[in-house]
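As provided, work37.txt (compact mmCIF, C-alpha atoms) reads as follows.
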```
# COMPACT_ATOMS: atom_id res chain seq x y z
CA MET A 219 12.45 -13.73 10.80
CA LYS A 220 10.57 -11.54 8.40
CA PRO A 221 6.78 -11.88 8.38
CA ALA A 222 5.27 -12.92 5.10
CA GLU A 223 1.88 -13.74 3.63
CA PHE A 224 -1.27 -14.36 5.57
CA TYR A 225 -2.81 -17.79 5.70
CA GLN A 226 -5.41 -18.38 3.05
CA ARG A 227 -8.85 -17.29 4.17
CA ASP A 228 -10.90 -20.42 4.87
CA ARG A 229 -13.87 -19.81 2.61
CA LEU A 230 -15.60 -22.95 3.94
CA ARG A 231 -16.02 -21.21 7.29
CA GLN A 232 -16.93 -17.83 5.81
CA PRO A 233 -20.33 -16.95 4.36
CA PRO A 234 -20.51 -17.10 0.56
CA ALA A 235 -21.68 -13.99 -1.28
CA LEU A 236 -24.97 -15.48 -2.47
CA THR A 237 -27.24 -16.63 0.36
CA PRO A 238 -30.84 -16.57 -0.95
CA ASP A 239 -32.48 -16.84 2.48
CA TYR A 240 -30.92 -13.47 3.23
CA LYS A 241 -32.72 -11.78 0.37
CA THR A 242 -30.69 -8.62 0.06
CA SER A 243 -27.65 -10.70 -0.84
CA VAL A 244 -29.26 -11.92 -4.05
CA ALA A 245 -28.76 -8.73 -6.08
CA ARG A 246 -25.63 -7.67 -4.22
CA SER A 247 -23.53 -10.83 -4.64
CA PRO A 248 -20.90 -11.22 -7.35
CA ARG A 249 -21.60 -14.19 -9.62
CA LEU A 250 -18.13 -14.63 -11.08
CA ALA A 251 -15.24 -16.20 -9.22
CA MET A 252 -12.92 -13.98 -7.24
CA LEU A 253 -9.33 -13.66 -8.40
CA SER A 254 -7.06 -15.25 -5.80
CA LEU A 255 -4.06 -13.09 -5.10
CA GLN A 256 -0.89 -13.84 -3.19
CA GLY A 257 0.00 -11.06 -0.82
CA SER A 258 2.06 -8.11 -2.04
CA MET A 259 2.95 -4.94 -0.16
CA SER A 260 -0.57 -3.70 -0.95
CA GLU A 261 -2.14 -6.56 0.99
CA ILE A 262 0.26 -7.11 3.89
CA THR A 263 0.17 -3.47 4.98
CA GLY A 264 -2.80 -1.58 6.36
CA PRO A 265 -3.75 1.51 8.31
CA THR A 266 -2.41 2.08 11.80
CA PHE A 267 -4.09 3.96 14.64
CA GLY A 268 -2.93 5.56 17.85
CA HIS A 269 -4.36 6.96 21.05
CA SER A 270 -4.48 10.44 19.52
CA ASP A 271 -7.17 9.18 17.13
CA ILE A 272 -9.69 8.36 19.85
CA ASP A 273 -10.74 9.46 23.32
CA PRO A 274 -10.79 7.36 26.51
CA ILE A 275 -14.57 7.68 26.86
CA ASP A 276 -15.16 6.26 23.38
CA ASN A 277 -15.36 2.69 24.74
CA ASP A 278 -18.04 3.52 27.32
CA LEU A 279 -21.40 3.45 25.55
CA ILE A 280 -23.20 4.06 28.83
CA ARG A 281 -21.54 7.47 29.09
CA ASN A 282 -20.36 8.53 25.66
CA TYR A 283 -23.72 9.93 24.57
CA ALA A 284 -25.45 10.44 27.92
CA LYS A 285 -27.38 13.73 28.02
CA THR A 286 -29.73 13.63 31.01
CA GLY A 287 -28.74 10.37 32.73
CA ASP A 288 -27.84 6.77 32.01
CA PRO A 289 -29.39 4.88 29.10
CA VAL A 290 -32.19 2.39 29.77
CA GLY A 291 -31.39 -1.31 29.74
CA GLU A 292 -29.25 -4.11 31.06
CA ARG A 293 -25.75 -2.86 31.80
CA ILE A 294 -23.07 -5.14 30.39
CA ILE A 295 -19.36 -5.38 29.82
CA VAL A 296 -18.15 -6.81 26.52
CA HIS A 297 -14.52 -7.77 26.64
CA GLY A 298 -12.04 -10.17 25.11
CA ARG A 299 -8.97 -10.39 22.95
CA VAL A 300 -8.22 -9.87 19.32
CA LEU A 301 -6.06 -12.84 18.34
CA ASP A 302 -4.58 -14.17 15.14
CA GLU A 303 -4.88 -17.76 13.98
CA ASN A 304 -1.54 -18.51 15.64
CA GLY A 305 -3.10 -17.55 18.97
CA ARG A 306 -1.09 -14.36 19.35
CA GLY A 307 -2.76 -11.23 20.65
CA VAL A 308 -3.05 -8.40 18.10
CA PRO A 309 -1.89 -5.25 19.92
CA ASN A 310 -2.89 -1.63 19.27
CA THR A 311 -5.56 -2.46 16.76
CA LEU A 312 -8.75 -0.47 16.37
CA VAL A 313 -11.99 -2.16 17.44
CA GLU A 314 -15.24 -0.35 16.63
CA ILE A 315 -18.72 -1.48 17.66
CA TRP A 316 -22.27 -0.35 16.97
CA GLN A 317 -25.63 -1.62 18.11
CA ALA A 318 -29.31 -0.98 18.73
CA ASN A 319 -30.51 0.27 22.10
CA ALA A 320 -32.26 -1.88 24.71
CA GLY A 321 -35.51 -1.66 22.76
CA GLY A 322 -33.94 -2.76 19.49
CA ARG A 323 -33.87 0.70 17.87
CA TYR A 324 -30.86 2.18 16.12
CA ARG A 325 -29.93 5.82 16.25
CA HIS A 326 -29.92 6.11 12.46
CA LYS A 327 -32.02 8.29 10.23
CA LYS A 328 -32.96 5.25 8.16
CA ASP A 329 -34.27 3.17 11.10
CA THR A 330 -38.04 3.52 11.49
CA TYR A 331 -38.79 0.70 13.96
CA LEU A 332 -41.47 1.74 16.44
CA ALA A 333 -39.33 1.19 19.54
CA PRO A 334 -38.19 4.54 20.87
CA ILE A 335 -34.81 6.20 20.54
CA ASP A 336 -33.06 6.43 23.92
CA PRO A 337 -31.97 10.05 24.41
CA ASN A 338 -28.96 8.89 26.40
CA PHE A 339 -27.68 6.20 24.08
CA GLY A 340 -25.71 6.74 20.88
CA GLY A 341 -24.93 3.11 20.16
CA CYS A 342 -21.33 3.22 19.00
CA GLY A 343 -17.94 2.83 20.61
CA ARG A 344 -14.31 2.31 19.73
CA THR A 345 -11.08 1.37 21.44
CA LEU A 346 -7.55 0.17 20.79
CA THR A 347 -6.42 -3.23 22.02
CA ASP A 348 -3.62 -3.23 24.58
CA GLU A 349 -0.23 -4.91 24.17
CA GLN A 350 -1.81 -8.34 24.70
CA GLY A 351 -4.65 -7.73 22.28
CA TYR A 352 -7.20 -7.17 25.05
CA TYR A 353 -10.16 -4.81 24.62
CA TYR A 354 -13.05 -3.72 26.79
CA PHE A 355 -16.39 -1.94 26.27
CA ARG A 356 -19.17 -0.98 28.65
CA THR A 357 -22.61 -0.82 27.11
CA ILE A 358 -26.29 -1.75 27.26
CA LYS A 359 -27.48 -5.13 26.06
CA PRO A 360 -29.18 -4.49 22.71
CA GLY A 361 -32.72 -5.62 22.06
CA ALA A 362 -33.95 -7.92 19.31
CA TYR A 363 -35.79 -6.24 16.45
CA PRO A 364 -37.82 -7.18 13.39
CA TRP A 365 -36.53 -6.75 9.87
CA ARG A 366 -37.94 -7.11 6.40
CA ASN A 367 -36.83 -10.39 4.92
CA TRP A 368 -39.48 -13.00 5.44
CA VAL A 369 -42.67 -11.58 6.92
CA ASN A 370 -41.71 -12.30 10.52
CA ASN A 371 -37.93 -12.26 10.80
CA TRP A 372 -36.29 -10.96 13.97
CA ARG A 373 -32.62 -10.30 14.48
CA PRO A 374 -31.17 -11.87 17.63
CA ALA A 375 -29.60 -9.36 19.98
CA HIS A 376 -26.24 -8.51 18.48
CA ILE A 377 -23.38 -6.05 18.46
CA HIS A 378 -21.63 -5.22 15.19
CA VAL A 379 -17.84 -5.41 15.48
CA SER A 380 -15.25 -3.96 13.10
CA VAL A 381 -11.56 -4.88 13.45
CA PHE A 382 -8.47 -3.91 11.46
CA GLY A 383 -5.53 -6.09 12.48
CA THR A 384 -2.15 -5.20 11.02
CA SER A 385 -2.98 -5.51 7.33
CA PHE A 386 -5.74 -4.66 4.90
CA SER A 387 -6.18 -8.38 4.23
CA GLN A 388 -7.19 -8.95 7.88
CA ARG A 389 -9.97 -6.36 7.76
CA LEU A 390 -13.10 -7.88 9.28
CA ILE A 391 -16.63 -6.89 10.16
CA THR A 392 -18.73 -9.39 12.07
CA GLN A 393 -21.47 -9.55 14.69
CA MET A 394 -21.40 -10.76 18.27
CA TYR A 395 -24.36 -12.72 19.61
CA PHE A 396 -25.34 -13.54 23.19
CA GLU A 397 -25.32 -16.99 24.78
CA GLY A 398 -28.74 -18.54 25.11
CA ASP A 399 -30.62 -16.38 22.61
CA PRO A 400 -33.22 -18.58 20.85
CA LEU A 401 -33.38 -16.19 17.89
CA ILE A 402 -29.81 -17.02 16.81
CA ALA A 403 -30.73 -20.34 15.23
CA LYS A 404 -33.65 -18.77 13.35
CA CYS A 405 -31.76 -15.86 11.82
CA PRO A 406 -31.11 -15.92 8.04
CA ILE A 407 -28.13 -13.60 8.49
CA VAL A 408 -26.52 -15.86 11.09
CA ASN A 409 -27.25 -18.80 8.83
CA THR A 410 -25.30 -17.30 5.94
CA ILE A 411 -22.36 -18.92 7.75
CA PRO A 412 -22.12 -22.48 6.46
CA ASP A 413 -20.18 -24.07 9.34
CA PRO A 414 -21.94 -24.49 12.72
CA ARG A 415 -18.59 -24.23 14.52
CA ALA A 416 -18.02 -20.83 12.92
CA ILE A 417 -21.44 -19.70 14.14
CA GLU A 418 -20.65 -20.84 17.69
CA GLN A 419 -17.48 -18.79 17.52
CA LEU A 420 -19.64 -15.64 17.22
CA ILE A 421 -21.71 -16.38 20.35
CA ALA A 422 -20.29 -14.69 23.44
CA PRO A 423 -20.68 -16.60 26.72
CA LEU A 424 -21.87 -14.98 29.90
CA ASP A 425 -18.71 -14.29 31.91
CA MET A 426 -19.52 -14.00 35.60
CA ASN A 427 -15.86 -13.57 36.46
CA ALA A 428 -15.83 -10.26 34.61
CA ALA A 429 -19.24 -9.12 35.86
CA VAL A 430 -19.21 -6.28 38.35
CA PRO A 431 -21.33 -7.17 41.42
CA LEU A 432 -24.40 -4.96 41.83
CA ASP A 433 -23.52 -3.15 38.59
CA SER A 434 -23.00 -5.02 35.29
CA LEU A 435 -23.08 -8.48 33.74
CA ALA A 436 -20.32 -9.38 31.31
CA TYR A 437 -19.87 -11.29 28.06
CA LYS A 438 -16.54 -12.44 26.68
CA PHE A 439 -15.94 -12.20 22.96
CA ASP A 440 -12.63 -13.16 21.40
CA ILE A 441 -12.13 -12.15 17.78
CA VAL A 442 -9.75 -14.11 15.56
CA LEU A 443 -8.07 -12.51 12.55
CA ARG A 444 -6.09 -14.30 9.89
CA GLY A 445 -2.68 -15.59 10.91
CA ARG A 446 0.44 -15.33 8.83
CA ARG A 447 3.55 -17.25 8.01
CA SER A 448 6.63 -16.29 9.90
CA THR A 449 9.22 -17.25 7.29
CA LEU A 450 9.51 -16.46 3.64
CA PHE A 451 11.10 -19.64 2.17
CA GLU A 452 10.49 -19.65 -1.58
CA ASN A 453 7.70 -17.12 -1.56
CA ARG A 454 9.58 -13.93 -2.06
CA LEU A 455 7.46 -10.87 -1.73
CA GLU A 456 9.87 -8.53 -3.41
CA GLY A 457 12.52 -10.62 -5.07
CA ASN A 458 15.06 -9.59 -2.48
CA MET B 71 -3.46 -40.72 15.58
CA VAL B 72 -1.57 -37.55 14.82
CA GLN B 73 -0.91 -34.48 16.87
CA PRO B 74 -3.67 -31.89 16.66
CA LEU B 75 -3.06 -28.84 14.48
CA ASN B 76 -4.14 -26.32 17.02
CA TYR B 77 -4.52 -23.19 14.93
CA LEU B 78 -7.38 -20.88 15.72
CA HIS B 79 -9.82 -20.09 12.94
CA GLU B 80 -10.60 -16.64 11.61
CA SER B 81 -13.92 -15.35 12.94
CA ALA B 82 -16.68 -15.56 10.36
CA ALA B 83 -17.76 -12.28 8.81
CA GLN B 84 -21.29 -10.95 9.00
CA THR B 85 -22.86 -8.20 6.96
CA ALA B 86 -22.16 -4.64 8.08
CA GLY B 87 -25.89 -4.07 7.70
CA PRO B 88 -27.81 -0.91 6.86
CA TYR B 89 -26.67 0.96 9.96
CA VAL B 90 -22.91 0.59 9.50
CA HIS B 91 -22.65 4.38 9.62
CA ILE B 92 -23.53 4.44 13.33
CA GLY B 93 -20.32 2.66 14.10
CA LEU B 94 -17.97 3.87 11.40
CA ALA B 95 -19.32 7.27 10.37
CA PRO B 96 -21.88 8.43 12.96
CA GLY B 97 -22.14 11.87 11.39
CA ALA B 98 -23.70 10.21 8.35
CA ALA B 99 -26.14 8.32 10.60
CA GLY B 100 -27.31 11.69 11.85
CA PHE B 101 -25.56 12.32 15.15
CA ASP B 102 -22.41 13.80 16.53
CA ILE B 103 -20.54 11.74 19.12
CA TYR B 104 -16.80 11.52 18.45
CA ARG B 105 -14.25 14.31 18.60
CA ASN B 106 -12.68 12.90 15.48
CA GLU B 107 -14.32 10.69 12.85
CA LEU B 108 -11.68 8.49 11.32
CA GLY B 109 -10.80 8.11 7.68
CA ARG B 110 -11.93 11.51 6.46
CA ASP B 111 -8.49 12.77 5.46
CA ILE B 112 -6.47 10.31 3.44
CA ALA B 113 -3.44 12.30 2.35
CA GLY B 114 -3.23 15.22 4.78
CA PRO B 115 -2.42 18.75 3.67
CA ASP B 116 1.33 18.44 3.28
CA ALA B 117 1.92 15.27 1.27
CA PRO B 118 3.39 15.97 -2.15
CA GLY B 119 1.73 14.62 -5.27
CA GLU B 120 -1.13 15.27 -7.63
CA ARG B 121 -4.33 16.08 -5.75
CA ILE B 122 -7.19 14.07 -7.21
CA ARG B 123 -10.81 13.28 -6.54
CA VAL B 124 -12.30 9.87 -7.25
CA GLU B 125 -16.04 9.43 -7.56
CA GLY B 126 -18.34 6.60 -8.44
CA VAL B 127 -21.36 4.49 -7.70
CA VAL B 128 -21.66 0.90 -6.55
CA ILE B 129 -24.29 -0.81 -8.70
CA ASP B 130 -26.23 -3.97 -7.84
CA GLY B 131 -27.36 -6.78 -10.12
CA THR B 132 -30.56 -4.95 -11.07
CA GLY B 133 -28.65 -1.86 -12.19
CA ALA B 134 -29.62 0.16 -9.13
CA ALA B 135 -27.17 2.21 -7.08
CA VAL B 136 -26.28 0.69 -3.69
CA LYS B 137 -27.08 3.73 -1.58
CA ASP B 138 -26.07 2.37 1.82
CA VAL B 139 -22.64 1.05 0.84
CA LEU B 140 -19.48 1.99 2.75
CA LEU B 141 -16.03 1.78 1.19
CA GLU B 142 -12.58 1.88 2.65
CA VAL B 143 -9.52 2.68 0.60
CA TRP B 144 -5.85 2.01 1.26
CA GLN B 145 -3.05 3.39 -0.86
CA ALA B 146 0.61 4.34 -1.05
CA ASP B 147 1.83 7.92 -1.23
CA ALA B 148 3.02 9.60 -4.42
CA ALA B 149 6.40 7.90 -4.07
CA GLY B 150 4.78 4.48 -3.74
CA ILE B 151 5.41 4.16 0.01
CA TYR B 152 2.78 2.73 2.35
CA PRO B 153 2.54 4.38 5.78
CA HIS B 154 3.11 1.05 7.50
CA PRO B 155 6.24 -0.23 9.27
CA GLU B 156 6.57 -3.23 6.96
CA ASP B 157 7.11 -1.04 3.93
CA PRO B 158 10.93 -1.04 3.55
CA ARG B 159 10.81 2.70 2.80
CA PHE B 160 8.41 3.52 5.64
CA ALA B 161 10.81 6.09 7.11
CA ASP B 162 10.42 8.21 3.99
CA VAL B 163 6.63 8.25 3.78
CA ALA B 164 5.13 11.67 3.03
CA PRO B 165 4.46 13.83 6.11
CA GLY B 166 0.95 13.51 7.48
CA PHE B 167 0.00 10.85 4.95
CA ARG B 168 -2.45 8.26 6.39
CA GLY B 169 -3.20 6.37 3.20
CA TRP B 170 -6.52 5.14 4.50
CA GLY B 171 -9.96 6.55 3.99
CA ARG B 172 -13.55 5.77 4.75
CA VAL B 173 -16.00 6.68 2.02
CA ILE B 174 -19.75 7.07 2.42
CA THR B 175 -22.42 7.77 -0.14
CA ASP B 176 -25.05 10.36 -0.69
CA PHE B 177 -28.03 8.37 0.64
CA ASP B 178 -30.29 9.79 -2.09
CA THR B 179 -28.13 8.98 -5.10
CA GLY B 180 -25.53 6.46 -3.97
CA LEU B 181 -22.76 8.68 -5.37
CA TRP B 182 -19.55 8.66 -3.36
CA SER B 183 -16.29 10.51 -3.73
CA PHE B 184 -13.02 10.96 -1.92
CA ASP B 185 -10.09 13.32 -2.20
CA THR B 186 -6.52 12.09 -2.07
CA ILE B 187 -3.24 12.22 -3.90
CA LYS B 188 -2.48 9.93 -6.80
CA PRO B 189 -0.41 7.01 -5.51
CA GLY B 190 2.93 6.07 -7.01
CA SER B 191 3.70 2.61 -8.29
CA VAL B 192 4.55 -0.04 -5.71
CA MET B 193 6.96 -2.95 -6.00
CA GLY B 194 5.03 -6.18 -6.27
CA ARG B 195 6.01 -9.79 -5.79
CA ASN B 196 9.17 -11.09 -7.42
CA ALA B 197 10.37 -7.57 -8.22
CA ARG B 198 7.54 -6.93 -10.67
CA ARG B 199 6.39 -3.37 -10.33
CA MET B 200 2.66 -2.75 -9.88
CA ALA B 201 1.01 0.16 -11.65
CA PRO B 202 -0.37 2.89 -9.35
CA HIS B 203 -3.52 1.65 -7.66
CA ILE B 204 -5.82 2.16 -4.71
CA ASN B 205 -7.00 -0.86 -2.71
CA VAL B 206 -10.75 -0.86 -2.08
CA TRP B 207 -12.87 -2.76 0.44
CA ILE B 208 -16.66 -2.69 0.19
CA VAL B 209 -19.27 -3.47 2.83
CA ALA B 210 -23.03 -3.02 2.91
CA ARG B 211 -26.30 -4.62 3.81
CA GLY B 212 -26.54 -7.77 1.71
CA ILE B 213 -22.76 -8.17 1.44
CA ASN B 214 -21.89 -11.04 3.77
CA ILE B 215 -18.14 -10.55 3.76
CA GLY B 216 -16.28 -7.43 2.66
CA LEU B 217 -15.37 -7.38 -1.02
CA ASN B 218 -11.82 -6.47 -2.01
CA THR B 219 -10.86 -4.93 -5.30
CA ARG B 220 -8.35 -2.46 -6.74
CA MET B 221 -8.69 0.75 -8.68
CA TYR B 222 -6.12 1.59 -11.36
CA PHE B 223 -5.87 4.76 -13.47
CA GLU B 224 -6.48 4.89 -17.22
CA ASP B 225 -3.77 7.48 -17.74
CA GLU B 226 -1.05 5.25 -16.29
CA ASP B 227 0.81 2.41 -17.94
CA ASN B 228 -1.11 -0.65 -16.77
CA ALA B 229 0.12 -3.01 -19.48
CA THR B 230 2.60 -4.92 -17.36
CA ASP B 231 0.83 -4.79 -14.03
CA PRO B 232 1.17 -8.29 -12.55
CA VAL B 233 -2.29 -8.30 -10.95
CA LEU B 234 -4.22 -7.04 -13.98
CA ASN B 235 -2.41 -9.62 -16.06
CA LEU B 236 -3.64 -12.41 -13.79
CA ILE B 237 -7.18 -11.71 -14.97
CA GLU B 238 -7.83 -14.35 -17.58
CA GLN B 239 -10.26 -12.40 -19.76
CA PRO B 240 -8.66 -9.12 -20.94
CA PRO B 241 -11.98 -7.22 -21.14
CA ARG B 242 -12.53 -7.83 -17.45
CA ARG B 243 -9.32 -5.97 -16.64
CA GLU B 244 -11.11 -2.82 -17.68
CA THR B 245 -13.43 -3.15 -14.68
CA LEU B 246 -10.52 -2.17 -12.42
CA ILE B 247 -9.49 0.95 -14.34
CA ALA B 248 -10.88 4.33 -13.38
CA ARG B 249 -11.77 6.71 -16.21
CA LYS B 250 -10.34 10.20 -16.29
CA VAL B 251 -13.23 12.64 -16.41
CA LYS B 252 -11.04 15.73 -16.46
CA PRO B 253 -7.71 16.66 -14.91
CA GLY B 254 -7.85 15.75 -11.23
CA LEU B 255 -11.13 13.83 -11.42
CA TYR B 256 -11.54 10.08 -11.93
CA ARG B 257 -14.66 7.97 -12.17
CA PHE B 258 -14.75 4.42 -10.81
CA ASP B 259 -18.07 2.59 -10.84
CA ILE B 260 -18.20 -0.80 -9.17
CA ARG B 261 -20.64 -3.41 -10.50
CA LEU B 262 -21.43 -6.12 -7.96
CA GLN B 263 -23.11 -8.45 -10.42
CA GLY B 264 -24.10 -8.95 -14.05
CA ASP B 265 -22.78 -7.22 -17.17
CA GLY B 266 -19.42 -5.68 -16.50
CA GLU B 267 -19.14 -7.29 -13.07
CA THR B 268 -16.10 -5.88 -11.30
CA VAL B 269 -13.25 -8.27 -10.64
CA PHE B 270 -13.10 -8.92 -6.91
CA LEU B 271 -10.00 -10.22 -5.22
CA ASP B 272 -9.55 -13.01 -2.70
CA ILE B 273 -6.51 -11.51 -1.03
```

Could you rewrite the structure in this file as structure tokens?
Amino acid sequence: MKPAEFYQRDRLRQPPALTPDYKTSVARSPRLAMLSLQGSMSEITGPTFGHSDIDPIDNDLIRNYAKTGDPVGERIIVHGRVLDENGRGVPNTLVEIWQANAGGRYRHKKDTYLAPIDPNFGGCGRTLTDEQGYYYFRTIKPGAYPWRNWVNNWRPAHIHVSVFGTSFSQRLITQMYFEGDPLIAKCPIVNTIPDPRAIEQLIAPLDMNAAVPLDSLAYKFDIVLRGRRSTLFENRLEGN
Amino acid sequence: MVQPLNYLHESAAQTAGPYVHIGLAPGAAGFDIYRNELGRDIAGPDAPGERIRVEGVVIDGTGAAVKDVLLEVWQADAAGIYPHPEDPRFADVAPGFRGWGRVITDFDTGLWSFDTIKPGSVMGRNARRMAPHINVWIVARGINIGLNTRMYFEDEDNATDPVLNLIEQPPRRETLIARKVKPGLYRFDIRLQGDGETVFLDI
């Protein structure tokens, strides 16, 4: 069997471009309809990565920028699988994360929030999934922080997640939230997602089975990328 | 009752936010953490083909440059081969050619550029050849889900390209065609909204 196109992206579960309660989207959202395109070689291929691209410590945010000791905050493990819509693990795919520190401050020259930078915390990590699509990070639970949207908007604690999959049409950036955070329901960025089930899919449950006693709590976050047909039938990609 | 269709559902996207550089290009965020930042060398030193630079600005609906945007590009080599195992000619891809790049802006001006080789044409669906193009994916604060588009070249024959010809209004096809500034330099501005809005693709 030769793999073929990817399943149509379900736009009813994805945020639309224009979401006025998230104000920055207003001037940055296309107003005309997108052109729907069936997959060609340009869409069903995408970049590949290997272990020579990254280092083993890159997935340990507690250690990968430590200068004088460990970073401040609640030590956590974030782990899970990258799956496709058919439920198959996506192996050897690059997962990159970034986040604020425990006080809600980003190590970025454009972040001016009054919470302090942590000298031992960079706030980014990356890893490749294993043969089953499994990935693992060790980090610090990020803090909530205020942002300029309405006068008093606060982002729930979150970790940004970037995933590649096997094709450029699976490319995805999303955010992981933490079970039980009351700020999730109030967040205009979370609420750009129109389907409550799709929001729930971004909330990682506490996973005591993966917690390390006397060391770290754990949250489990599975990421689903678009699935694809497994047979070509009439839809010939290349007329062969 | 029917059997359940037990497919999983693609995770919903969320904006990459203003601090996307921390994760994807930490040098641009202002710190040095990785041995190797990814996506900085698209073609490698040894791939044959015409060496080109592409530059541009992403412009919002008010006409302002989007200074915190991040782009990724994906392209074939000069022979039209993608460095991916599903390309039937994968074994012949140019040596050292990655085909993928990550492009960041000058935070003061919003101008971005990347160096690569000009891609060759690629066979499209139903044996219709596609004109040389670079696939582009755009994320930023205020963009809820990454925007896909393509960049073509004005000095190539785009008349029969099957994707450009799907665009109903011929003037809009021009939004996907980079202008040649001088030999080796192309300009490709992307307009998110309003007059001259770029055609975005639901791929």

(request) Have a look at CA of Thr186 in chain B and CA of Ile315 in chain A and let me know their distance in Å, one decimal. (result)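 We find that CA of Thr186 in chain B and CA of Ile315 in chain A lie 26.9 Å from each other.
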
(request) Identify which of the residues A:Glu261, A:Leu236, A:Asn304, A:His376 lies closest to His79 in chain B, counting only C-alpha atoms when measuring atom-to-atom distances. (result)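 For His79 in chain B, the nearest of the given residues is A:Asn304.
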
Counting all atoms listed in the file, which residues of range 250-365 of chain A fall within 10 Å of range 394-398 of chain A, and what is the closest atom pair for each with its distance in Å at one decimal, ordered by chain and rising number, as JSON lines?
```
{"residue": "A:Val296", "atom": "CA", "partner": "A:Met394", "partner_atom": "CA", "distance": 9.7}
{"residue": "A:Ile315", "atom": "CA", "partner": "A:Met394", "partner_atom": "CA", "distance": 9.7}
{"residue": "A:Lys359", "atom": "CA", "partner": "A:Phe396", "partner_atom": "CA", "distance": 9.1}
{"residue": "A:Pro360", "atom": "CA", "partner": "A:Phe396", "partner_atom": "CA", "distance": 9.8}
```

(request) Provide the CA of Ser270 in chain A to CA of Arg299 in chain A distance in Å, to one decimal place. (result) 21.6 Å

(message) Show me, as a PyMOL selection string, the residues that have an atom within 9 Å of Ala436 in chain A when counting all atoms listed in the file, minus same-chain residues fewer than 5 positions from it.
(response) chain A and resi 293-297+356+423-430

Per residue of chain B within 6 Å of chain A, note the shortest atom pair and the distance in Å to one decimal, counting all atoms listed in the file, and order the rows by chain and increasing residue number, as a Markdown table.
```
| residue | atom | partner | partner_atom | distance |
| --- | --- | --- | --- | --- |
| B:Tyr77 | CA | A:Glu303 | CA | 5.5 |
| B:Leu78 | CA | A:Glu303 | CA | 4.4 |
| B:His79 | CA | A:Glu303 | CA | 5.6 |
| B:Glu80 | CA | A:Val442 | CA | 4.8 |
| B:Ser81 | CA | A:Val442 | CA | 5.1 |
| B:Ala82 | CA | A:Gln232 | CA | 5.1 |
| B:Ala83 | CA | A:Thr392 | CA | 4.5 |
| B:Gln84 | CA | A:Thr392 | CA | 4.3 |
| B:Gly93 | CA | A:Trp316 | CA | 4.6 |
| B:Ala99 | CA | A:His326 | CA | 4.8 |
| B:Asp130 | CA | A:Arg246 | CA | 5.2 |
| B:Gly131 | CA | A:Ala245 | CA | 4.7 |
| B:His154 | CA | A:Thr263 | CA | 6.0 |
| B:Trp170 | CA | A:Pro265 | CA | 5.9 |
| B:Gly194 | CA | A:Ser258 | CA | 5.5 |
| B:Arg195 | CA | A:Leu455 | CA | 4.4 |
| B:Asn196 | CA | A:Gly457 | CA | 4.1 |
| B:Ala197 | CA | A:Gly457 | CA | 4.9 |
| B:Gly212 | CA | A:Ser243 | CA | 4.0 |
| B:Ile213 | CA | A:Ser243 | CA | 6.0 |
| B:Asn214 | CA | A:Ala235 | CA | 5.9 |
| B:Leu262 | CA | A:Pro248 | CA | 5.2 |
| B:Gln263 | CA | A:Pro248 | CA | 4.7 |
| B:Phe270 | CA | A:Met252 | CA | 5.1 |
| B:Leu271 | CA | A:Leu253 | CA | 4.7 |
| B:Asp272 | CA | A:Ser254 | CA | 4.6 |
| B:Ile273 | CA | A:Leu255 | CA | 5.0 |
```

(request) Using all atoms listed in the file, collect all residues at a distance of at most 8 Å from (-19.0, 2.6, 0.7) as written in the file, then present them as a list of chain:residue names. (result)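 The answer, in the requested form, is B:Val128, B:Asp138, B:Val139, B:Leu140, B:Leu141, B:Glu142, B:Arg172, B:Val173, B:Ile174, B:Thr175, B:Trp182, B:Ile208, B:Val209, B:Ala210.
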
(request) Might you pull out every residue within 7 Å of Asn205 in chain B, with all atoms listed in the file counted and same-chain residues fewer than 6 positions away left off, and present them as a ChimeraX atom specification? (result) /B:143-145,219-221

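The gap separating CA of Val313 in chain A from CA of Leu346 in chain A is 6.0 Å, in Å to one decimal.
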
(message) Applying 7 Å and all atoms listed in the file, which residues near Asn338 in chain A remain after dropping the ones on its own chain fewer than 4 positions away? List them as number ranges by chain.
(response) A: 283-289

(request) Considering all atoms listed in the file, state which residue in the set A:Ser448, A:Thr330, A:Thr357, A:Gln350 is at the smallest distance from Ser434 in chain A. (result) A:Thr357
